[in-house]
Amino acid sequence: PYTTLFRSKGKLVPTRDLIKTPEQIEGIRKSGVVNTGCLDAVAEIIRPGLNTQEIDDLCMQYCKDNNAIPACLNYEGYPKSVCTSINEVVCHGIPKEEDVLEEGDIINVDMTTIVDGYYADASRMFIVGGKTTPEKEQLVRVAKECLEIGMEAAKPYSFVGDIGHAIEKHCKKYGYGVVRDLCGHGVGIQFHEEPEVLHYGHRGTGMLLVPGMVFTIEPMINMGTYKVFIDADDPYGWEVITGDEKPSAQWEHTLVMTETGVEILTH
């Protein structure tokens, strides 16, 4: 149902159905409050010895207690309510009892909530035990900087490509790889909508960003190569691993474009 139009200069322009009404934005904002609360609850329990199934259990219960639905559960065969991606797992890590967190691990917890039919999507990185190697600490920090730089580049009437250009430029300073096979996306009425928000690319490319659009920025930053593969041992075909099995980090927010810049809906 989501389509695009072309301007005479060949630029992608959003159609009216990509621009959310104030009522829809308020609904997404309410979902974002639950999403943030869920990730805050996860932050309180992250520790060495915790297994990722316990994270999933917490998120499932938090959703039940707050009249929310975890969007990941049963989405295209995904079996759990949240994604827990440790070290070299880029994204879509499936919670399981045998995945026990160790001191110095880094883990991304990615949660999407549905409240009254509205979707909000965010993820955070956690350093297990509070301390890891300097290399992993830098990766986690730079990945967060990439999200912040991407948000700063997202100006009204700029282009999606401006976001990716700014993120990729920052990563190159550290020799990191920006994952290309996965990207941010429109969100709010559905789990995944247009536009695709690439985290690499060129200024002035991609869709025009206009007030009322709601989308995620979620750069996946690898310590080594940008290439990834699907874990052959994952029976569900979801877990994404770095091509060289070096660590990866990601941060994500759901954002609404305003007349002055983006507003975070998953604070």
# chains A, B, ... in the order shown; residues from 1 in each chain; ligands from 1

$ residues_around --residues "A:Cys72" --least-positions-apart "5" --cutoff "10 Å" --atoms "only C-alpha atoms" --output "PyMOL selection string"
chain A and resi 77-83+92+110-114+191

$ write_last_selection --atoms "all heavy atoms" --output "short mmCIF file (atom, residue, chain, number, x, y, z; two decimals), in the first residue's frame"
data_model
loop_
_atom_site.label_atom_id
_atom_site.label_comp_id
_atom_site.auth_asym_id
_atom_site.auth_seq_id
_atom_site.Cartn_x
_atom_site.Cartn_y
_atom_site.Cartn_z
N GLY A 77 7.67 -16.07 11.09
CA GLY A 77 8.28 -17.26 11.69
C GLY A 77 9.25 -16.98 12.82
O GLY A 77 9.80 -17.94 13.40
N TYR A 78 9.46 -15.70 13.17
CA TYR A 78 10.36 -15.41 14.29
C TYR A 78 9.69 -15.89 15.58
O TYR A 78 8.55 -15.54 15.86
CB TYR A 78 10.66 -13.91 14.37
CG TYR A 78 11.74 -13.59 15.38
CD1 TYR A 78 13.08 -13.70 15.04
CD2 TYR A 78 11.41 -13.19 16.67
CE1 TYR A 78 14.08 -13.41 15.97
CE2 TYR A 78 12.40 -12.91 17.60
CZ TYR A 78 13.73 -13.03 17.24
OH TYR A 78 14.70 -12.76 18.17
N PRO A 79 10.41 -16.68 16.41
CA PRO A 79 9.74 -17.39 17.50
C PRO A 79 9.63 -16.67 18.84
O PRO A 79 8.98 -17.16 19.75
CB PRO A 79 10.61 -18.64 17.66
CG PRO A 79 11.99 -18.17 17.33
CD PRO A 79 11.80 -17.15 16.23
N LYS A 80 10.28 -15.52 19.00
CA LYS A 80 10.33 -14.87 20.31
C LYS A 80 9.81 -13.43 20.23
O LYS A 80 9.52 -12.91 19.14
CB LYS A 80 11.75 -14.92 20.87
CG LYS A 80 12.27 -16.35 21.09
CD LYS A 80 11.42 -17.12 22.09
CE LYS A 80 11.84 -18.58 22.23
NZ LYS A 80 13.09 -18.76 22.94
N SER A 81 9.75 -12.78 21.40
CA SER A 81 9.15 -11.45 21.47
C SER A 81 10.16 -10.31 21.29
O SER A 81 9.78 -9.16 21.10
CB SER A 81 8.43 -11.27 22.80
OG SER A 81 9.35 -11.34 23.88
N VAL A 82 11.44 -10.63 21.34
CA VAL A 82 12.49 -9.61 21.29
C VAL A 82 13.71 -10.22 20.61
O VAL A 82 13.84 -11.45 20.52
CB VAL A 82 12.83 -9.13 22.72
CG1 VAL A 82 13.50 -10.23 23.53
CG2 VAL A 82 13.68 -7.88 22.73
N CYS A 83 14.61 -9.38 20.10
CA CYS A 83 15.86 -9.84 19.51
C CYS A 83 17.01 -9.55 20.46
O CYS A 83 17.13 -8.42 20.97
CB CYS A 83 16.13 -9.16 18.17
SG CYS A 83 14.87 -9.46 16.91
N HIS A 92 18.76 -9.77 15.03
CA HIS A 92 17.81 -10.89 14.99
C HIS A 92 18.28 -12.10 15.79
O HIS A 92 17.86 -13.23 15.51
CB HIS A 92 17.50 -11.32 13.54
CG HIS A 92 17.03 -10.20 12.67
ND1 HIS A 92 17.16 -10.22 11.29
CD2 HIS A 92 16.44 -9.00 12.98
CE1 HIS A 92 16.66 -9.10 10.79
NE2 HIS A 92 16.22 -8.34 11.80
N ASP A 110 16.67 -5.52 20.89
CA ASP A 110 15.84 -4.82 19.91
C ASP A 110 14.38 -5.17 20.16
O ASP A 110 13.98 -6.32 20.05
CB ASP A 110 16.28 -5.24 18.51
CG ASP A 110 15.65 -4.39 17.42
OD1 ASP A 110 14.67 -3.68 17.69
OD2 ASP A 110 16.13 -4.45 16.27
N MET A 111 13.60 -4.16 20.49
CA MET A 111 12.20 -4.37 20.86
C MET A 111 11.28 -3.54 19.98
O MET A 111 11.54 -2.35 19.75
CB MET A 111 11.98 -3.97 22.33
CG MET A 111 10.62 -4.31 22.87
SD MET A 111 10.42 -6.10 23.03
CE MET A 111 8.66 -6.24 23.26
N THR A 112 10.21 -4.16 19.49
CA THR A 112 9.16 -3.44 18.77
C THR A 112 7.84 -3.71 19.46
O THR A 112 7.46 -4.87 19.65
CB THR A 112 9.08 -3.86 17.30
OG1 THR A 112 10.35 -3.70 16.68
CG2 THR A 112 8.05 -3.02 16.55
N THR A 113 7.16 -2.66 19.87
CA THR A 113 5.90 -2.79 20.58
C THR A 113 4.73 -2.33 19.71
O THR A 113 4.88 -1.41 18.89
CB THR A 113 5.90 -1.95 21.86
OG1 THR A 113 6.38 -0.63 21.57
CG2 THR A 113 6.80 -2.57 22.91
N ILE A 114 3.57 -2.96 19.90
CA ILE A 114 2.33 -2.52 19.27
C ILE A 114 1.37 -2.15 20.39
O ILE A 114 1.06 -2.97 21.26
CB ILE A 114 1.70 -3.63 18.41
CG1 ILE A 114 2.73 -4.27 17.46
CG2 ILE A 114 0.52 -3.06 17.61
CD1 ILE A 114 2.21 -5.51 16.76
N PHE A 191 4.74 -2.67 10.69
CA PHE A 191 6.08 -2.92 11.22
C PHE A 191 7.14 -2.31 10.31
O PHE A 191 8.05 -1.63 10.77
CB PHE A 191 6.26 -4.44 11.34
CG PHE A 191 7.38 -4.88 12.25
CD1 PHE A 191 7.41 -6.19 12.72
CD2 PHE A 191 8.39 -4.03 12.64
CE1 PHE A 191 8.42 -6.63 13.56
CE2 PHE A 191 9.42 -4.46 13.48
CZ PHE A 191 9.42 -5.77 13.94
#

$ select_by_dssp --residues "stretch 29-183 of chain A" --states "strand (DSSP E or B)" --output "JSON, numbers by chain"
{"A": [51, 69, 70, 83, 84, 85, 86, 89, 90, 91, 100, 106, 107, 108, 109, 110, 111, 112, 113, 114, 115, 118, 119, 120, 121, 122, 123, 124, 125, 126, 127, 159, 177, 178]}

$ write_last_selection --atoms "N, CA, C and O atoms" --output "compact mmCIF listing (two decimals), in the first residue's frame"
# COMPACT_ATOMS: atom_id res chain seq x y z
N ASN A 51 20.57 -15.47 31.13
CA ASN A 51 20.43 -16.01 29.77
C ASN A 51 19.41 -15.19 28.99
O ASN A 51 18.55 -14.51 29.57
N ILE A 69 1.58 -5.50 22.52
CA ILE A 69 1.91 -6.74 21.81
C ILE A 69 3.34 -6.64 21.32
O ILE A 69 3.72 -5.62 20.73
N PRO A 70 4.17 -7.68 21.54
CA PRO A 70 5.52 -7.67 20.95
C PRO A 70 5.43 -8.00 19.47
O PRO A 70 4.99 -9.09 19.09
N CYS A 83 14.61 -9.38 20.10
CA CYS A 83 15.86 -9.84 19.51
C CYS A 83 17.01 -9.55 20.46
O CYS A 83 17.13 -8.42 20.97
N THR A 84 17.86 -10.55 20.70
CA THR A 84 19.01 -10.41 21.61
C THR A 84 20.26 -10.84 20.86
O THR A 84 20.49 -12.03 20.66
N SER A 85 21.07 -9.88 20.44
CA SER A 85 22.20 -10.15 19.55
C SER A 85 23.52 -9.88 20.28
O SER A 85 23.83 -8.74 20.61
N ILE A 86 24.29 -10.94 20.50
CA ILE A 86 25.50 -10.89 21.32
C ILE A 86 26.74 -10.87 20.45
O ILE A 86 26.89 -11.67 19.53
N VAL A 89 26.90 -11.36 16.60
CA VAL A 89 25.56 -11.40 16.03
C VAL A 89 25.12 -9.96 15.74
O VAL A 89 25.03 -9.14 16.65
N VAL A 90 24.88 -9.67 14.48
CA VAL A 90 24.55 -8.30 14.08
C VAL A 90 23.15 -7.93 14.52
O VAL A 90 22.92 -6.86 15.09
N CYS A 91 22.19 -8.82 14.26
CA CYS A 91 20.80 -8.55 14.60
C CYS A 91 19.99 -9.84 14.53
O CYS A 91 20.49 -10.87 14.05
N VAL A 100 24.05 -17.71 27.58
CA VAL A 100 24.26 -17.11 28.89
C VAL A 100 25.28 -15.97 28.76
O VAL A 100 26.36 -16.16 28.19
N ILE A 106 29.04 -7.81 24.66
CA ILE A 106 28.17 -6.69 24.29
C ILE A 106 26.93 -7.30 23.66
O ILE A 106 27.00 -8.27 22.92
N ILE A 107 25.78 -6.74 23.98
CA ILE A 107 24.52 -7.29 23.50
C ILE A 107 23.58 -6.18 23.06
O ILE A 107 23.46 -5.16 23.73
N ASN A 108 22.96 -6.39 21.92
CA ASN A 108 21.91 -5.49 21.45
C ASN A 108 20.56 -6.11 21.75
O ASN A 108 20.32 -7.28 21.43
N VAL A 109 19.69 -5.35 22.39
CA VAL A 109 18.32 -5.78 22.65
C VAL A 109 17.40 -4.89 21.82
O VAL A 109 17.37 -3.67 22.00
N ASP A 110 16.67 -5.52 20.89
CA ASP A 110 15.84 -4.82 19.91
C ASP A 110 14.38 -5.17 20.16
O ASP A 110 13.98 -6.32 20.05
N MET A 111 13.60 -4.16 20.49
CA MET A 111 12.20 -4.37 20.86
C MET A 111 11.28 -3.54 19.98
O MET A 111 11.54 -2.35 19.75
N THR A 112 10.21 -4.16 19.49
CA THR A 112 9.16 -3.44 18.77
C THR A 112 7.84 -3.71 19.46
O THR A 112 7.46 -4.87 19.65
N THR A 113 7.16 -2.66 19.87
CA THR A 113 5.90 -2.79 20.58
C THR A 113 4.73 -2.33 19.71
O THR A 113 4.88 -1.41 18.89
N ILE A 114 3.57 -2.96 19.90
CA ILE A 114 2.33 -2.52 19.27
C ILE A 114 1.37 -2.15 20.39
O ILE A 114 1.06 -2.97 21.26
N VAL A 115 0.91 -0.91 20.37
CA VAL A 115 -0.07 -0.44 21.34
C VAL A 115 -1.23 0.18 20.57
O VAL A 115 -1.03 1.13 19.79
N TYR A 118 -0.51 0.67 16.93
CA TYR A 118 0.60 1.52 16.52
C TYR A 118 1.94 0.91 16.94
O TYR A 118 2.08 0.42 18.06
N TYR A 119 2.91 0.99 16.03
CA TYR A 119 4.21 0.35 16.22
C TYR A 119 5.27 1.37 16.63
O TYR A 119 5.34 2.47 16.07
N ALA A 120 6.14 0.96 17.57
CA ALA A 120 7.35 1.72 17.92
C ALA A 120 8.51 0.73 18.01
O ALA A 120 8.34 -0.38 18.54
N ASP A 121 9.68 1.12 17.52
CA ASP A 121 10.80 0.19 17.34
C ASP A 121 12.08 0.87 17.83
O ASP A 121 12.40 1.98 17.40
N ALA A 122 12.80 0.21 18.74
CA ALA A 122 14.05 0.78 19.26
C ALA A 122 14.96 -0.34 19.73
O ALA A 122 14.51 -1.45 20.05
N SER A 123 16.25 -0.05 19.79
CA SER A 123 17.20 -1.01 20.36
C SER A 123 18.31 -0.28 21.08
O SER A 123 18.60 0.89 20.78
N ARG A 124 18.92 -0.99 22.03
CA ARG A 124 20.05 -0.44 22.79
C ARG A 124 21.15 -1.48 22.89
O ARG A 124 20.91 -2.69 22.85
N MET A 125 22.36 -0.97 23.08
CA MET A 125 23.50 -1.82 23.39
C MET A 125 23.74 -1.83 24.89
O MET A 125 23.55 -0.82 25.57
N PHE A 126 24.16 -2.99 25.39
CA PHE A 126 24.53 -3.13 26.80
C PHE A 126 25.89 -3.81 26.88
O PHE A 126 26.16 -4.76 26.13
N ILE A 127 26.74 -3.31 27.78
CA ILE A 127 28.02 -3.95 28.07
C ILE A 127 27.82 -4.78 29.34
O ILE A 127 27.53 -4.25 30.41
N PHE A 159 17.24 14.50 2.25
CA PHE A 159 16.99 13.19 1.64
C PHE A 159 17.51 12.07 2.53
O PHE A 159 18.44 12.27 3.34
N GLY A 177 32.92 -1.30 9.34
CA GLY A 177 32.04 -1.59 8.22
C GLY A 177 30.60 -1.27 8.58
O GLY A 177 30.12 -1.63 9.65
N VAL A 178 29.90 -0.59 7.68
CA VAL A 178 28.48 -0.30 7.85
C VAL A 178 27.68 -1.38 7.12
O VAL A 178 27.82 -1.54 5.90

$ atom_distance --atom1 "atom CA of A:His253" --atom2 "atom CA of A:Thr225"
24.1 Å

$ residues_around --residues "A:Glu193" --least-positions-apart "6" --cutoff "9 Å" --atoms "only C-alpha atoms" --output "list in words"
Tyr2, Leu18, His185, Gly186, Val187 and Phe215 of chain A

$ select_by_dssp --residues "stretch 17-249 of chain A" --states "helix (DSSP H, G or I)" --output "ChimeraX atom specification"
/A:17-18,22-45,52-65,75-77,128-130,134-153,160-172

$ write_last_selection --atoms "C-alpha atoms" --output "PDB file, in the first residue's frame"
ATOM      1  CA  ASP A  17      -0.057   7.775   2.927  1.00  0.00           C
ATOM      2  CA  LEU A  18       3.529   7.983   4.241  1.00  0.00           C
ATOM      3  CA  PRO A  22      -1.246  14.102  14.398  1.00  0.00           C
ATOM      4  CA  GLU A  23      -3.527  11.399  15.826  1.00  0.00           C
ATOM      5  CA  GLN A  24      -1.377   8.633  14.361  1.00  0.00           C
ATOM      6  CA  ILE A  25       1.818  10.248  15.641  1.00  0.00           C
ATOM      7  CA  GLU A  26       0.302  10.428  19.110  1.00  0.00           C
ATOM      8  CA  GLY A  27      -0.550   6.724  18.907  1.00  0.00           C
ATOM      9  CA  ILE A  28       3.021   5.877  17.883  1.00  0.00           C
ATOM     10  CA  ARG A  29       4.305   8.082  20.696  1.00  0.00           C
ATOM     11  CA  LYS A  30       2.251   6.091  23.238  1.00  0.00           C
ATOM     12  CA  SER A  31       3.704   2.867  21.865  1.00  0.00           C
ATOM     13  CA  GLY A  32       7.143   4.448  22.181  1.00  0.00           C
ATOM     14  CA  VAL A  33       6.577   5.083  25.887  1.00  0.00           C
ATOM     15  CA  VAL A  34       5.924   1.368  26.436  1.00  0.00           C
ATOM     16  CA  ASN A  35       8.909   0.461  24.259  1.00  0.00           C
ATOM     17  CA  THR A  36      11.203   2.698  26.302  1.00  0.00           C
ATOM     18  CA  GLY A  37       9.864   1.296  29.561  1.00  0.00           C
ATOM     19  CA  CYS A  38      10.523  -2.234  28.366  1.00  0.00           C
ATOM     20  CA  LEU A  39      14.145  -1.468  27.464  1.00  0.00           C
ATOM     21  CA  ASP A  40      14.580   0.336  30.789  1.00  0.00           C
ATOM     22  CA  ALA A  41      13.411  -2.838  32.521  1.00  0.00           C
ATOM     23  CA  VAL A  42      15.935  -4.864  30.526  1.00  0.00           C
ATOM     24  CA  ALA A  43      18.698  -2.463  31.599  1.00  0.00           C
ATOM     25  CA  GLU A  44      17.921  -3.251  35.237  1.00  0.00           C
ATOM     26  CA  ILE A  45      18.515  -7.014  34.862  1.00  0.00           C
ATOM     27  CA  THR A  52      18.688 -14.335  26.864  1.00  0.00           C
ATOM     28  CA  GLN A  53      15.494 -16.336  27.341  1.00  0.00           C
ATOM     29  CA  GLU A  54      15.115 -14.482  30.643  1.00  0.00           C
ATOM     30  CA  ILE A  55      15.272 -11.212  28.689  1.00  0.00           C
ATOM     31  CA  ASP A  56      12.539 -12.486  26.393  1.00  0.00           C
ATOM     32  CA  ASP A  57      10.403 -13.541  29.362  1.00  0.00           C
ATOM     33  CA  LEU A  58      10.750 -10.075  30.895  1.00  0.00           C
ATOM     34  CA  CYS A  59       9.807  -8.324  27.649  1.00  0.00           C
ATOM     35  CA  MET A  60       6.809 -10.584  27.112  1.00  0.00           C
ATOM     36  CA  GLN A  61       5.545  -9.941  30.629  1.00  0.00           C
ATOM     37  CA  TYR A  62       6.174  -6.196  30.331  1.00  0.00           C
ATOM     38  CA  CYS A  63       4.050  -6.097  27.198  1.00  0.00           C
ATOM     39  CA  LYS A  64       1.243  -8.028  28.895  1.00  0.00           C
ATOM     40  CA  ASP A  65       1.336  -5.684  31.882  1.00  0.00           C
ATOM     41  CA  TYR A  75       6.554 -12.283  12.601  1.00  0.00           C
ATOM     42  CA  GLU A  76       7.450 -14.287   9.473  1.00  0.00           C
ATOM     43  CA  GLY A  77       8.284 -17.256  11.687  1.00  0.00           C
ATOM     44  CA  VAL A 128      27.621  -6.991  30.324  1.00  0.00           C
ATOM     45  CA  GLY A 129      29.201  -6.364  33.708  1.00  0.00           C
ATOM     46  CA  GLY A 130      29.836  -2.733  32.791  1.00  0.00           C
ATOM     47  CA  PRO A 134      38.735  -1.048  24.783  1.00  0.00           C
ATOM     48  CA  GLU A 135      37.987  -2.205  21.230  1.00  0.00           C
ATOM     49  CA  LYS A 136      34.413  -3.234  22.059  1.00  0.00           C
ATOM     50  CA  GLU A 137      33.853  -0.120  24.167  1.00  0.00           C
ATOM     51  CA  GLN A 138      34.868   2.047  21.228  1.00  0.00           C
ATOM     52  CA  LEU A 139      32.614   0.110  18.851  1.00  0.00           C
ATOM     53  CA  VAL A 140      29.581   0.563  21.108  1.00  0.00           C
ATOM     54  CA  ARG A 141      30.339   4.261  21.506  1.00  0.00           C
ATOM     55  CA  VAL A 142      30.866   4.891  17.797  1.00  0.00           C
ATOM     56  CA  ALA A 143      27.689   3.003  16.899  1.00  0.00           C
ATOM     57  CA  LYS A 144      25.735   5.330  19.200  1.00  0.00           C
ATOM     58  CA  GLU A 145      27.479   8.334  17.674  1.00  0.00           C
ATOM     59  CA  CYS A 146      26.384   7.045  14.262  1.00  0.00           C
ATOM     60  CA  LEU A 147      22.755   7.079  15.356  1.00  0.00           C
ATOM     61  CA  GLU A 148      23.147  10.617  16.723  1.00  0.00           C
ATOM     62  CA  ILE A 149      24.925  11.803  13.568  1.00  0.00           C
ATOM     63  CA  GLY A 150      22.233  10.205  11.414  1.00  0.00           C
ATOM     64  CA  MET A 151      19.510  11.978  13.377  1.00  0.00           C
ATOM     65  CA  GLU A 152      21.333  15.292  13.022  1.00  0.00           C
ATOM     66  CA  ALA A 153      21.591  14.784   9.254  1.00  0.00           C
ATOM     67  CA  VAL A 160      17.355   9.734   3.131  1.00  0.00           C
ATOM     68  CA  GLY A 161      20.772   9.483   1.486  1.00  0.00           C
ATOM     69  CA  ASP A 162      21.997  12.378   3.616  1.00  0.00           C
ATOM     70  CA  ILE A 163      21.567  10.156   6.687  1.00  0.00           C
ATOM     71  CA  GLY A 164      23.571   7.275   5.246  1.00  0.00           C
ATOM     72  CA  HIS A 165      26.310   9.557   3.927  1.00  0.00           C
ATOM     73  CA  ALA A 166      26.875  11.104   7.363  1.00  0.00           C
ATOM     74  CA  ILE A 167      26.942   7.729   9.131  1.00  0.00           C
ATOM     75  CA  GLU A 168      29.307   6.103   6.642  1.00  0.00           C
ATOM     76  CA  LYS A 169      31.674   9.077   6.760  1.00  0.00           C
ATOM     77  CA  HIS A 170      31.945   8.787  10.549  1.00  0.00           C
ATOM     78  CA  CYS A 171      32.540   5.033  10.450  1.00  0.00           C
ATOM     79  CA  LYS A 172      35.352   5.338   7.954  1.00  0.00           C
TER      80      LYS A 172
END

$ residues_around --residues "A:Lys227" --least-positions-apart "3" --cutoff "9 Å" --atoms "only C-alpha atoms" --output "mmCIF file with N, CA, C and O atoms, in the first residue's frame"
data_model
loop_
_atom_site.group_PDB
_atom_site.id
_atom_site.type_symbol
_atom_site.label_atom_id
_atom_site.label_comp_id
_atom_site.auth_asym_id
_atom_site.auth_seq_id
_atom_site.Cartn_x
_atom_site.Cartn_y
_atom_site.Cartn_z
ATOM 1 N N GLY A 177 32.918 -1.301 9.344
ATOM 2 C CA GLY A 177 32.041 -1.592 8.223
ATOM 3 C C GLY A 177 30.598 -1.273 8.577
ATOM 4 O O GLY A 177 30.120 -1.633 9.651
ATOM 5 N N VAL A 178 29.901 -0.590 7.681
ATOM 6 C CA VAL A 178 28.477 -0.304 7.855
ATOM 7 C C VAL A 178 27.685 -1.376 7.118
ATOM 8 O O VAL A 178 27.823 -1.543 5.905
ATOM 9 N N VAL A 179 26.864 -2.117 7.845
ATOM 10 C CA VAL A 179 26.096 -3.201 7.234
ATOM 11 C C VAL A 179 25.202 -2.651 6.128
ATOM 12 O O VAL A 179 24.498 -1.647 6.314
ATOM 13 N N ARG A 180 25.206 -3.337 4.992
ATOM 14 C CA ARG A 180 24.440 -2.878 3.832
ATOM 15 C C ARG A 180 23.214 -3.733 3.555
ATOM 16 O O ARG A 180 22.305 -3.299 2.846
ATOM 17 N N ASP A 181 23.205 -4.943 4.072
ATOM 18 C CA ASP A 181 22.107 -5.863 3.764
ATOM 19 C C ASP A 181 20.856 -5.600 4.590
ATOM 20 O O ASP A 181 19.801 -6.183 4.324
ATOM 21 N N ASN A 222 29.934 -2.793 12.161
ATOM 22 C CA ASN A 222 30.799 -3.944 12.398
ATOM 23 C C ASN A 222 32.242 -3.500 12.628
ATOM 24 O O ASN A 222 32.730 -2.589 11.956
ATOM 25 N N GLY A 224 34.785 -5.082 11.750
ATOM 26 C CA GLY A 224 35.546 -5.418 10.555
ATOM 27 C C GLY A 224 34.733 -5.187 9.290
ATOM 28 O O GLY A 224 34.248 -4.088 9.031
ATOM 29 N N ILE A 241 25.094 -12.798 11.236
ATOM 30 C CA ILE A 241 26.438 -12.795 11.823
ATOM 31 C C ILE A 241 27.369 -11.953 10.955
ATOM 32 O O ILE A 241 27.231 -11.913 9.724
ATOM 33 N N THR A 242 28.349 -11.302 11.567
ATOM 34 C CA THR A 242 29.344 -10.565 10.785
ATOM 35 C C THR A 242 30.160 -11.522 9.927
ATOM 36 O O THR A 242 30.452 -12.653 10.323
ATOM 37 N N GLY A 243 30.537 -11.067 8.744
ATOM 38 C CA GLY A 243 31.237 -11.926 7.788
ATOM 39 C C GLY A 243 32.555 -12.454 8.293
ATOM 40 O O GLY A 243 32.977 -13.554 7.916
ATOM 41 N N ASP A 244 33.235 -11.702 9.160
ATOM 42 C CA ASP A 244 34.518 -12.140 9.719
ATOM 43 C C ASP A 244 34.386 -12.546 11.186
ATOM 44 O O ASP A 244 35.391 -12.794 11.857
#

$ atom_distance --atom1 "atom CA of A:Lys20" --atom2 "atom CA of A:Met257"
9.9 Å

$ closest_residue --among "A:Gln190, A:Thr260, A:Asn87, A:Asn66" --to "A:Val210" --atoms "only C-alpha atoms"
A:Thr260
